[in-house]
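File shown: data-v9.cif. Contents: mmCIF, C-alpha atoms.
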data_coords
loop_
_atom_site.label_atom_id
_atom_site.label_comp_id
_atom_site.auth_asym_id
_atom_site.auth_seq_id
_atom_site.Cartn_x
_atom_site.Cartn_y
_atom_site.Cartn_z
CA MET A 992 0.00 0.00 0.00
CA LYS A 993 1.65 3.21 -1.18
CA LYS A 994 1.60 6.16 1.18
CA THR A 995 2.60 9.75 0.30
CA LEU A 996 2.38 13.06 2.11
CA TRP A 997 2.04 15.86 -0.42
CA GLN A 998 3.21 19.05 1.26
CA ASN A 999 4.23 22.67 0.73
CA LEU A 1000 1.17 23.39 -1.41
CA LYS A 1001 -1.68 25.87 -1.57
CA LEU A 1002 -4.96 23.99 -1.64
CA CYS A 1003 -8.21 24.87 -3.40
CA ALA A 1004 -10.10 21.72 -2.50
CA GLY A 1005 -13.54 22.63 -3.85
CA GLY A 1006 -12.62 24.61 -6.94
CA ASP A 1007 -13.61 27.92 -5.30
CA PRO A 1008 -10.67 30.37 -5.08
CA ARG A 1009 -12.45 32.14 -2.21
CA ASP A 1010 -12.01 29.02 -0.09
CA THR A 1011 -8.34 28.05 -0.01
CA LEU A 1012 -5.66 26.97 2.42
CA ASP A 1013 -2.03 28.11 2.33
CA ASP A 1014 0.78 25.77 3.41
CA ALA A 1015 -1.46 22.75 3.17
CA ALA A 1016 -0.79 19.02 2.96
CA LEU A 1017 -2.53 15.94 1.58
CA ALA A 1018 -1.99 12.47 3.04
CA VAL A 1019 -2.70 9.86 0.37
CA SER A 1020 -2.85 6.12 0.96
CA ASP A 1021 -3.52 3.57 -1.75
CA GLY A 1022 -4.76 6.28 -4.11
CA GLN A 1023 -7.20 7.88 -1.65
CA ILE A 1024 -6.97 11.05 0.39
CA VAL A 1025 -7.02 10.08 4.06
CA TRP A 1026 -6.30 13.53 5.50
CA GLN A 1027 -5.97 17.09 4.25
CA GLY A 1028 -5.45 20.36 6.03
CA ALA A 1029 -2.86 22.84 7.24
CA LEU A 1030 0.61 21.29 7.51
CA ARG A 1031 1.02 22.73 11.00
CA GLU A 1032 -2.00 20.64 12.06
CA LEU A 1033 -0.67 17.39 10.61
CA PRO A 1034 -1.65 14.50 12.89
CA ALA A 1035 1.18 12.44 14.31
CA THR A 1036 -0.19 9.46 12.36
CA TYR A 1037 1.19 10.97 9.15
CA ALA A 1038 4.35 12.60 10.53
CA ASP A 1039 6.88 9.77 10.18
CA PRO A 1040 8.65 10.27 6.80
CA SER A 1041 9.88 6.67 6.82
CA ILE A 1042 6.23 5.57 6.61
CA TRP A 1043 4.85 8.62 4.80
CA PRO A 1044 7.41 9.74 2.16
CA ARG A 1045 7.21 13.43 1.33
CA GLU A 1046 6.38 14.97 -2.04
CA ASN A 1047 7.31 18.67 -1.95
CA LEU A 1048 5.24 20.83 -4.34
CA GLU A 1049 7.28 23.97 -3.59
CA GLY A 1050 4.35 26.25 -2.89
CA ALA A 1051 2.35 25.39 -6.02
CA TRP A 1052 -1.44 25.57 -6.18
CA VAL A 1053 -3.43 22.34 -6.12
CA THR A 1054 -7.00 22.05 -7.41
CA PRO A 1055 -9.21 19.06 -8.14
CA GLY A 1056 -8.52 17.56 -11.53
CA LEU A 1057 -10.45 19.52 -14.15
CA ILE A 1058 -13.54 18.09 -15.86
CA ASP A 1059 -14.54 18.61 -19.49
CA CYS A 1060 -18.24 17.68 -19.28
CA HIS A 1061 -19.29 18.17 -22.93
CA THR A 1062 -17.14 16.99 -25.85
CA HIS A 1063 -17.54 15.27 -29.21
CA LEU A 1064 -13.93 14.15 -29.14
CA VAL A 1065 -14.10 11.09 -31.42
CA TYR A 1066 -14.69 11.77 -35.12
CA GLY A 1067 -13.10 11.46 -38.52
CA GLY A 1068 -11.68 14.26 -40.67
CA GLN A 1069 -11.95 17.98 -39.99
CA ARG A 1070 -13.96 20.92 -41.36
CA ALA A 1071 -11.47 23.70 -41.93
CA ASP A 1072 -12.86 24.31 -45.42
CA GLU A 1073 -16.33 24.92 -43.99
CA PHE A 1074 -14.75 27.35 -41.55
CA ALA A 1075 -13.33 29.20 -44.55
CA GLN A 1076 -16.80 29.29 -46.16
CA ARG A 1077 -18.29 30.78 -43.00
CA LEU A 1078 -15.64 33.46 -43.15
CA ASP A 1079 -16.97 34.20 -46.64
CA GLY A 1080 -20.45 34.70 -45.19
CA VAL A 1081 -22.11 31.29 -45.52
CA SER A 1082 -24.25 30.51 -42.45
CA TYR A 1083 -23.97 27.34 -40.38
CA GLU A 1084 -27.56 26.42 -41.27
CA ALA A 1085 -26.91 26.94 -45.01
CA LEU A 1086 -23.88 24.65 -44.85
CA ALA A 1087 -25.94 21.99 -43.09
CA GLN A 1088 -28.71 22.21 -45.68
CA ALA A 1089 -26.15 21.81 -48.47
CA GLY A 1090 -24.86 18.53 -47.04
CA GLY A 1091 -22.07 20.00 -44.95
CA GLY A 1092 -22.01 20.44 -41.22
CA ILE A 1093 -22.55 17.33 -39.13
CA VAL A 1094 -23.29 15.18 -42.20
CA SER A 1095 -19.85 15.84 -43.70
CA THR A 1096 -18.22 14.62 -40.50
CA VAL A 1097 -20.51 11.58 -40.55
CA ARG A 1098 -19.13 10.63 -43.96
CA ALA A 1099 -15.51 10.91 -42.76
CA THR A 1100 -16.27 9.08 -39.54
CA ARG A 1101 -18.02 6.19 -41.22
CA ALA A 1102 -15.01 5.77 -43.51
CA ALA A 1103 -12.50 5.61 -40.63
CA ASP A 1104 -11.75 2.46 -38.64
CA GLU A 1105 -11.37 2.31 -34.87
CA THR A 1106 -7.58 2.54 -35.04
CA ALA A 1107 -7.68 5.78 -37.02
CA LEU A 1108 -10.42 7.25 -34.83
CA PHE A 1109 -8.48 6.37 -31.69
CA ALA A 1110 -5.28 7.94 -33.01
CA SER A 1111 -6.91 11.25 -33.94
CA ALA A 1112 -8.96 11.47 -30.74
CA ALA A 1113 -5.89 10.63 -28.65
CA LEU A 1114 -4.08 13.73 -29.92
CA ARG A 1115 -6.98 15.90 -28.83
CA LEU A 1116 -7.25 14.12 -25.49
CA GLU A 1117 -3.54 14.47 -24.75
CA ALA A 1118 -3.78 18.25 -25.14
CA LEU A 1119 -6.61 18.33 -22.58
CA LEU A 1120 -4.80 16.04 -20.13
CA ALA A 1121 -1.74 18.31 -20.21
CA GLU A 1122 -3.98 21.08 -18.83
CA GLY A 1123 -5.08 19.10 -15.78
CA VAL A 1124 -8.19 17.33 -17.11
CA SER A 1125 -8.86 14.11 -15.20
CA ALA A 1126 -12.46 13.38 -16.25
CA ILE A 1127 -14.20 13.89 -19.57
CA GLU A 1128 -17.49 13.20 -21.28
CA ILE A 1129 -17.35 11.94 -24.87
CA LYS A 1130 -20.47 11.88 -27.03
CA SER A 1131 -21.15 9.73 -30.05
CA GLY A 1132 -23.30 11.19 -32.84
CA TYR A 1133 -21.04 11.15 -35.89
CA GLY A 1134 -21.89 7.58 -36.90
CA LEU A 1135 -25.70 7.70 -37.04
CA ASP A 1136 -26.07 3.99 -37.61
CA LEU A 1137 -25.68 1.16 -35.15
CA ALA A 1138 -22.28 -0.07 -36.32
CA CYS A 1139 -20.68 3.37 -36.43
CA GLU A 1140 -22.21 4.62 -33.19
CA ARG A 1141 -20.89 1.46 -31.54
CA LYS A 1142 -17.49 2.18 -33.09
CA LEU A 1143 -17.37 5.69 -31.61
CA LEU A 1144 -18.44 4.55 -28.16
CA ARG A 1145 -15.91 1.71 -28.19
CA VAL A 1146 -13.14 4.16 -29.06
CA ALA A 1147 -14.27 6.48 -26.25
CA ARG A 1148 -14.14 3.58 -23.78
CA ALA A 1149 -10.71 2.57 -25.11
CA LEU A 1150 -9.38 6.10 -24.49
CA GLY A 1151 -10.38 5.75 -20.85
CA GLU A 1152 -8.58 2.42 -20.64
CA ARG A 1153 -5.38 3.62 -22.28
CA TYR A 1154 -5.10 7.08 -20.70
CA PRO A 1155 -5.20 8.23 -17.06
CA VAL A 1156 -8.64 9.85 -17.34
CA SER A 1157 -12.20 8.92 -16.38
CA VAL A 1158 -14.28 8.78 -19.58
CA TYR A 1159 -18.08 9.00 -19.49
CA THR A 1160 -19.87 8.12 -22.71
CA THR A 1161 -23.05 9.73 -24.00
CA PHE A 1162 -25.15 8.34 -26.84
CA LEU A 1163 -26.06 11.17 -29.24
CA GLY A 1164 -27.69 9.16 -32.00
CA ALA A 1165 -30.24 11.98 -32.29
CA HIS A 1166 -27.61 14.43 -33.49
CA THR A 1167 -28.93 14.87 -37.02
CA VAL A 1168 -30.71 12.78 -39.65
CA PRO A 1169 -28.28 10.75 -41.78
CA PRO A 1170 -28.53 10.98 -45.60
CA GLU A 1171 -30.15 7.56 -45.98
CA PHE A 1172 -33.08 8.78 -43.86
CA SER A 1173 -33.42 12.18 -45.55
CA GLY A 1174 -37.02 13.36 -45.28
CA ARG A 1175 -37.85 10.49 -42.89
CA THR A 1176 -36.92 11.90 -39.50
CA ASP A 1177 -39.46 9.87 -37.54
CA ALA A 1178 -38.29 6.67 -39.22
CA TYR A 1179 -34.73 7.49 -38.17
CA LEU A 1180 -35.91 8.08 -34.61
CA ASP A 1181 -37.50 4.62 -34.69
CA GLU A 1182 -34.02 3.30 -35.43
CA VAL A 1183 -32.45 5.40 -32.64
CA CYS A 1184 -35.03 4.60 -29.96
CA GLU A 1185 -35.98 1.03 -30.78
CA ARG A 1186 -32.73 -0.47 -32.03
CA MET A 1187 -29.61 1.61 -31.49
CA LEU A 1188 -30.16 2.86 -27.95
CA PRO A 1189 -31.34 -0.48 -26.48
CA THR A 1190 -28.55 -2.46 -28.18
CA LEU A 1191 -25.76 -0.10 -27.14
CA ALA A 1192 -27.14 0.13 -23.61
CA ASP A 1193 -27.21 -3.67 -23.35
CA GLU A 1194 -23.58 -3.73 -24.50
CA GLY A 1195 -22.62 -1.40 -21.63
CA LEU A 1196 -21.43 1.40 -23.90
CA ILE A 1197 -23.75 4.19 -22.71
CA ASP A 1198 -23.64 6.26 -19.52
CA ALA A 1199 -26.17 8.90 -20.63
CA VAL A 1200 -28.30 9.93 -23.63
CA ASP A 1201 -28.34 13.29 -25.40
CA VAL A 1202 -30.41 14.89 -28.17
CA PHE A 1203 -29.91 17.96 -30.37
CA CYS A 1204 -33.20 19.85 -29.94
CA GLU A 1205 -33.05 22.66 -32.50
CA ARG A 1206 -34.40 23.81 -35.86
CA VAL A 1207 -31.61 21.96 -37.67
CA GLY A 1208 -31.95 19.04 -35.27
CA PHE A 1209 -35.04 17.50 -33.66
CA SER A 1210 -38.33 18.98 -32.47
CA LEU A 1211 -39.59 18.93 -28.90
CA LYS A 1212 -41.88 16.00 -29.64
CA GLN A 1213 -39.09 14.07 -31.33
CA SER A 1214 -36.65 14.87 -28.52
CA GLU A 1215 -39.14 13.57 -25.98
CA ARG A 1216 -39.24 10.24 -27.80
CA VAL A 1217 -35.49 9.93 -27.19
CA PHE A 1218 -35.91 10.78 -23.50
CA GLU A 1219 -38.66 8.19 -23.14
CA ALA A 1220 -36.42 5.54 -24.71
CA ALA A 1221 -33.60 6.47 -22.33
CA GLN A 1222 -35.97 6.36 -19.38
CA ARG A 1223 -36.99 2.81 -20.28
CA ARG A 1224 -33.33 1.83 -19.90
CA ASN A 1225 -32.84 3.85 -16.68
CA LEU A 1226 -30.35 6.14 -18.41
CA ARG A 1227 -29.94 9.79 -17.44
CA VAL A 1228 -30.50 12.39 -20.16
CA LYS A 1229 -28.97 15.63 -21.41
CA ILE A 1230 -29.96 18.06 -24.13
CA HIS A 1231 -28.42 20.45 -26.64
CA ALA A 1232 -30.95 23.26 -26.29
CA GLU A 1233 -31.59 26.92 -27.03
CA GLN A 1234 -28.38 27.37 -29.02
CA LEU A 1235 -29.87 28.90 -32.18
CA SER A 1236 -33.45 29.60 -31.05
CA ASN A 1237 -35.73 29.25 -28.03
CA SER A 1238 -37.34 25.88 -28.68
CA GLY A 1239 -38.30 25.04 -25.11
CA GLY A 1240 -35.76 22.22 -24.92
CA ALA A 1241 -34.54 23.18 -21.46
CA LYS A 1242 -38.06 22.93 -20.03
CA LEU A 1243 -38.48 19.53 -21.64
CA ALA A 1244 -35.15 18.39 -20.19
CA ALA A 1245 -36.19 19.60 -16.74
CA ARG A 1246 -39.36 17.48 -16.93
CA TYR A 1247 -37.10 14.45 -17.30
CA ARG A 1248 -34.73 15.68 -14.58
CA ALA A 1249 -31.89 15.94 -17.07
CA LEU A 1250 -28.34 16.07 -15.81
CA SER A 1251 -27.71 19.14 -17.92
CA ALA A 1252 -29.00 21.45 -20.61
CA ASP A 1253 -26.18 22.73 -22.81
CA HIS A 1254 -25.51 25.87 -24.91
CA LEU A 1255 -28.58 27.92 -23.75
CA GLU A 1256 -27.92 31.23 -25.52
CA TYR A 1257 -31.68 31.69 -26.16
CA LEU A 1258 -32.87 30.33 -22.81
CA ASP A 1259 -35.75 32.28 -21.20
CA GLU A 1260 -36.77 32.74 -17.56
CA GLU A 1261 -39.35 29.97 -17.67
CA GLY A 1262 -36.64 27.57 -18.80
CA VAL A 1263 -34.25 28.79 -16.11
CA ALA A 1264 -36.88 28.28 -13.40
CA ALA A 1265 -37.60 24.77 -14.66
CA MET A 1266 -33.92 23.88 -14.62
CA LYS A 1267 -33.56 25.13 -11.06
CA ALA A 1268 -36.54 23.08 -9.89
CA ALA A 1269 -35.12 19.95 -11.55
CA SER A 1270 -31.50 20.51 -10.37
CA THR A 1271 -30.44 20.51 -14.02
CA VAL A 1272 -26.98 22.03 -14.58
CA ALA A 1273 -26.47 24.75 -17.19
CA VAL A 1274 -23.47 23.82 -19.33
CA LEU A 1275 -22.21 26.89 -21.16
CA LEU A 1276 -20.02 26.46 -24.24
CA PRO A 1277 -18.19 29.70 -25.06
CA GLY A 1278 -15.99 27.98 -27.64
CA ALA A 1279 -18.98 27.38 -29.91
CA TYR A 1280 -20.35 30.87 -29.17
CA TYR A 1281 -17.02 32.35 -30.24
CA PHE A 1282 -16.38 30.10 -33.23
CA ILE A 1283 -19.74 30.56 -34.96
CA ARG A 1284 -19.71 34.28 -34.06
CA GLU A 1285 -22.95 34.14 -32.09
CA THR A 1286 -24.20 37.46 -30.72
CA GLN A 1287 -26.92 36.28 -28.32
CA LEU A 1288 -25.39 35.87 -24.87
CA PRO A 1289 -26.69 33.19 -22.51
CA PRO A 1290 -28.82 34.71 -19.71
CA LEU A 1291 -26.16 34.80 -17.01
CA GLU A 1292 -28.04 37.13 -14.69
CA LEU A 1293 -31.14 34.92 -14.77
CA LEU A 1294 -29.07 31.81 -14.14
CA ARG A 1295 -27.33 33.52 -11.23
CA ARG A 1296 -30.58 34.82 -9.77
CA TYR A 1297 -32.09 31.34 -9.77
CA GLU A 1298 -28.79 29.85 -8.54
CA VAL A 1299 -28.59 27.29 -11.34
CA PRO A 1300 -25.17 25.58 -11.22
CA LEU A 1301 -22.98 26.78 -14.10
CA ALA A 1302 -20.61 24.34 -15.78
CA LEU A 1303 -18.22 25.00 -18.66
CA ALA A 1304 -16.83 22.67 -21.33
CA THR A 1305 -14.88 22.77 -24.57
CA ASP A 1306 -17.65 21.27 -26.76
CA SER A 1307 -14.62 19.97 -28.67
CA ASN A 1308 -15.91 19.12 -32.15
CA PRO A 1309 -14.85 19.64 -35.77
CA GLY A 1310 -17.56 22.05 -36.87
CA THR A 1311 -18.38 24.64 -34.24
CA SER A 1312 -15.76 24.37 -31.49
CA PRO A 1313 -12.43 22.81 -32.55
CA VAL A 1314 -11.05 23.48 -29.07
CA THR A 1315 -8.62 21.28 -27.16
CA SER A 1316 -7.89 23.69 -24.30
CA LEU A 1317 -10.16 23.86 -21.27
CA LEU A 1318 -8.11 26.79 -19.94
CA LEU A 1319 -8.94 28.75 -23.09
CA ILE A 1320 -12.61 28.11 -22.29
CA LEU A 1321 -12.09 29.72 -18.86
CA ASN A 1322 -10.75 32.81 -20.56
CA LEU A 1323 -13.55 32.92 -23.15
CA ALA A 1324 -16.20 32.50 -20.44
CA SER A 1325 -14.65 35.35 -18.49
CA THR A 1326 -14.20 37.73 -21.40
CA LEU A 1327 -17.26 36.92 -23.53
CA PHE A 1328 -19.82 35.92 -20.89
CA ARG A 1329 -18.39 38.09 -18.06
CA MET A 1330 -18.25 35.13 -15.70
CA THR A 1331 -16.20 35.59 -12.54
CA VAL A 1332 -13.09 33.62 -11.62
CA PRO A 1333 -14.94 31.60 -8.94
CA GLU A 1334 -17.68 30.82 -11.46
CA VAL A 1335 -15.33 29.58 -14.16
CA LEU A 1336 -13.20 27.48 -11.81
CA GLN A 1337 -16.22 25.83 -10.24
CA GLY A 1338 -17.55 25.43 -13.78
CA VAL A 1339 -14.77 22.95 -14.59
CA THR A 1340 -14.64 21.25 -11.18
CA CYS A 1341 -17.60 20.76 -8.84
CA HIS A 1342 -20.36 21.97 -11.19
CA ALA A 1343 -18.95 20.01 -14.12
CA ALA A 1344 -19.02 16.91 -11.92
CA GLN A 1345 -22.72 17.59 -11.26
CA ALA A 1346 -23.33 17.85 -15.01
CA LEU A 1347 -21.93 14.33 -15.39
CA GLY A 1348 -23.93 12.97 -12.47
CA GLN A 1349 -20.59 12.29 -10.75
CA ALA A 1350 -20.52 14.83 -7.94
CA GLY A 1351 -19.69 12.07 -5.49
CA ARG A 1352 -16.58 11.08 -7.40
CA HIS A 1353 -15.06 14.14 -9.08
CA GLY A 1354 -14.74 17.89 -8.67
CA ILE A 1355 -13.79 18.12 -4.98
CA LEU A 1356 -10.78 16.99 -2.96
CA ALA A 1357 -11.71 15.51 0.42
CA PRO A 1358 -10.80 12.59 2.68
CA GLY A 1359 -12.28 9.39 1.33
CA ARG A 1360 -12.07 10.56 -2.29
CA SER A 1361 -9.60 9.59 -4.95
CA ALA A 1362 -6.44 11.71 -5.00
CA ASP A 1363 -7.06 13.20 -8.47
CA PHE A 1364 -5.60 16.68 -8.67
CA ALA A 1365 -3.77 19.18 -10.81
CA VAL A 1366 -0.70 21.20 -9.77
CA TRP A 1367 -0.37 24.74 -11.10
CA GLN A 1368 2.67 26.99 -11.48
CA VAL A 1369 0.83 30.25 -10.77
CA GLU A 1370 0.80 32.87 -8.04
CA SER A 1371 -2.98 33.33 -8.21
CA LEU A 1372 -5.72 30.97 -9.36
CA ALA A 1373 -7.06 33.88 -11.42
CA GLU A 1374 -4.17 33.17 -13.78
CA LEU A 1375 -5.96 30.02 -14.97
CA ALA A 1376 -8.55 32.27 -16.61
CA TYR A 1377 -6.11 35.08 -17.43
CA TRP A 1378 -3.32 33.63 -19.56
CA ILE A 1379 -3.96 32.59 -23.16
CA GLY A 1380 -1.72 29.84 -24.52
CA ARG A 1381 0.67 29.70 -21.60
CA PRO A 1382 1.30 26.23 -20.09
CA LEU A 1383 0.36 26.43 -16.41
CA CYS A 1384 -0.14 22.84 -15.29
CA THR A 1385 3.10 21.29 -14.03
CA GLN A 1386 1.79 17.99 -12.72
CA VAL A 1387 -1.32 15.81 -12.86
CA VAL A 1388 -1.99 13.20 -10.20
CA ARG A 1389 -4.48 10.36 -10.57
CA ALA A 1390 -5.24 8.08 -7.64
CA GLY A 1391 -2.12 9.39 -5.93
CA GLN A 1392 0.19 8.65 -8.89
CA THR A 1393 1.83 11.32 -11.03
CA VAL A 1394 0.64 10.68 -14.58
CA TYR A 1395 1.90 13.89 -16.19
CA ARG A 1396 4.78 16.19 -15.32
CA ARG A 1397 6.03 19.25 -17.12
CA HIS A 1398 9.41 20.70 -16.28
CA ARG A 1399 8.90 24.04 -14.61
CA HIS A 1400 11.74 25.84 -16.33
CA ALA A 1401 12.59 25.09 -19.95
CA HIS A 1402 15.75 26.71 -21.29
CA PHE A 1403 16.18 27.54 -24.95
CA SER A 1404 19.37 28.72 -26.58
CA ALA A 1405 19.42 32.40 -27.47
CA HIS A 1406 22.10 31.79 -30.12
CA ARG A 1407 21.41 31.07 -33.74
CA SER A 1408 23.49 28.59 -35.67
CA ASP A 1409 26.25 29.79 -37.97
CA GLN A 1410 24.09 28.87 -40.93
CA GLU A 1411 21.31 31.06 -39.59
CA HIS A 1412 23.76 33.95 -39.19
CA GLU A 1413 24.72 33.51 -42.80
#

For the file at hand, write its structure as structure tokens.
Amino acid sequence: MKKTLWQNLKLCAGGDPRDTLDDAALAVSDGQIVWQGALRELPATYADPSIWPRENLEGAWVTPGLIDCHTHLVYGGQRADEFAQRLDGVSYEALAQAGGGIVSTVRATRAADETALFASAALRLEALLAEGVSAIEIKSGYGLDLACERKLLRVARALGERYPVSVYTTFLGAHTVPPEFSGRTDAYLDEVCERMLPTLADEGLIDAVDVFCERVGFSLKQSERVFEAAQRRNLRVKIHAEQLSNSGGAKLAARYRALSADHLEYLDEEGVAAMKAASTVAVLLPGAYYFIRETQLPPLELLRRYEVPLALATDSNPGTSPVTSLLLILNLASTLFRMTVPEVLQGVTCHAAQALGQAGRHGILAPGRSADFAVWQVESLAELAYWIGRPLCTQVVRAGQTVYRRHRHAHFSAHRSDQEHE
């Protein structure tokens, strides 16, 4: 049984920078925190260095491992050319209607095998892990038939087996209508609800179920069919709602006590009140807001007034948020949405854990919990939302084991070669 006393650290155990402890210590045994607190109050039980070897963090900040609670990380291809078309003035909806958008990624994803999908997703995942992410949600939704949706979910599970990260899988078969069902949306939903969802659930590949409730997605009535199918399998639900219009998706999600409603730029007060009553988390996705140049801000003041928990995520996907930096999302949420530093940090720790239905496992450091934490080379936790593109995470610990370490001081030569001088 491995024992370690992590000391000389500044602790933000709950993700709230207003509640911290200087000169703290963590006693970790067999991957679990057994004690935490001020070093000066260390019980004698943990004081013998021959039994409890020391790990000196040299005054660094420690937070819970970060959580990216909404991603579409596994897919084939990319959509840089569509990005260029949007820069020329073509709307996202026009691209979708012309066979681009999600459908173009579906084509590339169907053509890729599991090995290729794993390799491309792994590159994106590694970038997130280097910023302190220790838990992530990965949605399917780019296969849109049973074999390909299974393929995506299997790759997501494999990422969690091969990398030091907790992966939670969400079935998003109701992402869009595939070409072979064009004009037959209800027939496709029959396939989603009566064949795909039950089969994948029986195979143990689904932790939750999502639906894209929007003008270019599925109606309220159609979305409810998906929720009913999930309910029959005792699966929790989520929803993409109110991103492009106010469809009432958040209210529908609240009726089914959804874990989260995500995007929410066009959410109204009735929807906010319903989410509060159902304990549904608001997952805000500033990467998509920024990338598609949205102008409608999510109703932050309403969400604050009703005290709806606010989570943040990358929404990492090829079409509307090709983001592989959760720290960038903190900055975007602060600058674009005017969220505070406590809000954004809790948005990727304790509130993100709620959005996954995993508040008992992730998002907070406490005795009895797994020792999953990130170590930060910063003077203030505000720097996590302040810097853009600067590496801040020096160490990631999972179950008491260091799984990532970045050297604190890299030295580069200031001299050019003779050839360069020439």

Residues selected by the PyMOL selection byres ((chain A and resi 1298) around 12), written as a PyMOL selection string: chain A and resi 1263-1268+1270-1273+1291-1297+1299-1301+1334+1342

Quick one: everything within 8 Å of A:Arg1216, counting all atoms listed in the file, minus sequence neighbours fewer than 4 positions away in the same chain. Send it as a list of chain:residue names. A:Leu1180, A:Cys1184, A:Lys1212, A:Ala1220

Given the PyMOL selection byres ((chain A and resi 1091) around 12), the residues it picks as a VMD selection string: chain A and resid 1069 to 1074 1076 to 1077 1081 to 1090 1092 to 1099 1167 1169 to 1170 1309 to 1310

From the set A:Leu1372, A:Met1187, A:Leu1120, A:Leu1012, which residue has the shortest atom-to-atom contact distance to A:Ile1058, counting all atoms listed in the file? A:Leu1120

What residues come out when you apply the PyMOL selection byres ((chain A and resi 1255) around 6) to this file, written as a ChimeraX atom specification? /A:1232-1234,1253-1254,1256-1258,1289

Save out the residues we just selected, C-alpha atoms, as a PDB file, in the frame of the given file.
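Heads up, here's the output in part.pdb:
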ATOM      1  CA  ALA A1232     -30.950  23.260 -26.290  1.00  0.00           C
ATOM      2  CA  GLU A1233     -31.590  26.920 -27.030  1.00  0.00           C
ATOM      3  CA  GLN A1234     -28.380  27.370 -29.020  1.00  0.00           C
ATOM      4  CA  ASP A1253     -26.180  22.730 -22.810  1.00  0.00           C
ATOM      5  CA  HIS A1254     -25.510  25.870 -24.910  1.00  0.00           C
ATOM      6  CA  GLU A1256     -27.920  31.230 -25.520  1.00  0.00           C
ATOM      7  CA  TYR A1257     -31.680  31.690 -26.160  1.00  0.00           C
ATOM      8  CA  LEU A1258     -32.870  30.330 -22.810  1.00  0.00           C
ATOM      9  CA  PRO A1289     -26.690  33.190 -22.510  1.00  0.00           C
TER      10      PRO A1289
END

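Nearest residue to A:Ala1344, choosing from A:Arg1031, A:His1061, A:Arg1396, A:Lys993 and counting all atoms listed in the file: A:His1061.
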
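You can rank A:Gly1239, A:Gly1050, A:Gly1005, A:Gly1022 by their closest distance to A:Glu1260 using all atoms listed in the file, and at the top of that list sits A:Gly1239.
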
Surrounding residues of A:Arg1329 excluding itself and chain neighbours under 4 positions, 12 Å, only C-alpha atoms, as an MDAnalysis selection string: chainID A and resid 1277 1288:1292 1321:1325 1333:1335 1376

Please dump the current selection as a PDB file, in the frame of the given file; keep C-alpha atoms.
ATOM      1  CA  PRO A1277     -18.190  29.700 -25.060  1.00  0.00           C
ATOM      2  CA  LEU A1288     -25.390  35.870 -24.870  1.00  0.00           C
ATOM      3  CA  PRO A1289     -26.690  33.190 -22.510  1.00  0.00           C
ATOM      4  CA  PRO A1290     -28.820  34.710 -19.710  1.00  0.00           C
ATOM      5  CA  LEU A1291     -26.160  34.800 -17.010  1.00  0.00           C
ATOM      6  CA  GLU A1292     -28.040  37.130 -14.690  1.00  0.00           C
ATOM      7  CA  LEU A1321     -12.090  29.720 -18.860  1.00  0.00           C
ATOM      8  CA  ASN A1322     -10.750  32.810 -20.560  1.00  0.00           C
ATOM      9  CA  LEU A1323     -13.550  32.920 -23.150  1.00  0.00           C
ATOM     10  CA  ALA A1324     -16.200  32.500 -20.440  1.00  0.00           C
ATOM     11  CA  SER A1325     -14.650  35.350 -18.490  1.00  0.00           C
ATOM     12  CA  PRO A1333     -14.940  31.600  -8.940  1.00  0.00           C
ATOM     13  CA  GLU A1334     -17.680  30.820 -11.460  1.00  0.00           C
ATOM     14  CA  VAL A1335     -15.330  29.580 -14.160  1.00  0.00           C
ATOM     15  CA  ALA A1376      -8.550  32.270 -16.610  1.00  0.00           C
TER      16      ALA A1376
END

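With atom CA of A:Leu1276 on one side and atom CA of A:Ser1307 on the other, the separation reads 9.5 Å.
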
For A:Gln998, which residue among A:Asn1047, A:Thr1331, A:Thr1161, A:Gln1027 is the nearest when counting only C-alpha atoms? A:Asn1047

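Take atom CA of A:Leu1318 and atom CA of A:Val1369: the distance between them is 13.3 Å.
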
Just want the 10 Å neighbourhood of stretch 1038-1044 of chain A, counted on only C-alpha atoms, with same-chain residues fewer than 2 positions away dropped. Output as number ranges by chain. A: 993-997, 1018-1020, 1030, 1033-1036, 1046-1047

For A:Leu1188: contacts at 10 Å, all atoms listed in the file, fewer than 5 positions along chain excluded, given as an MDAnalysis selection string: chainID A and resid 1137 1140 1162:1164 1182:1183 1193:1194 1196:1197 1200 1217 1220:1221 1224

With C-alpha atoms kept, could you save the residues just selected as a tab-separated table (two decimals), in the frame of the given file?
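Result saved to result_15.tsv:
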chain	number	residue	atom	x	y	z
A	1137	LEU	CA	-25.68	1.16	-35.15
A	1140	GLU	CA	-22.21	4.62	-33.19
A	1162	PHE	CA	-25.15	8.34	-26.84
A	1163	LEU	CA	-26.06	11.17	-29.24
A	1164	GLY	CA	-27.69	9.16	-32.00
A	1182	GLU	CA	-34.02	3.30	-35.43
A	1183	VAL	CA	-32.45	5.40	-32.64
A	1193	ASP	CA	-27.21	-3.67	-23.35
A	1194	GLU	CA	-23.58	-3.73	-24.50
A	1196	LEU	CA	-21.43	1.40	-23.90
A	1197	ILE	CA	-23.75	4.19	-22.71
A	1200	VAL	CA	-28.30	9.93	-23.63
A	1217	VAL	CA	-35.49	9.93	-27.19
A	1220	ALA	CA	-36.42	5.54	-24.71
A	1221	ALA	CA	-33.60	6.47	-22.33
A	1224	ARG	CA	-33.33	1.83	-19.90

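You will find atom CA of A:Asn1225 at 22.0 Å from atom CA of A:Asp1136.
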
As a list in words, please: the residues near A:Val1387 (cut-off 6 Å, all atoms listed in the file, same-chain neighbours under 5 positions excluded). Gly1123, Ala1365, Thr1393, Val1394 and Tyr1395 of chain A

Taking all atoms listed in the file into account, which of A:Gly1208, A:Gly1351, A:Gly1080, A:Gly1151 comes nearest A:Gly1132? A:Gly1208
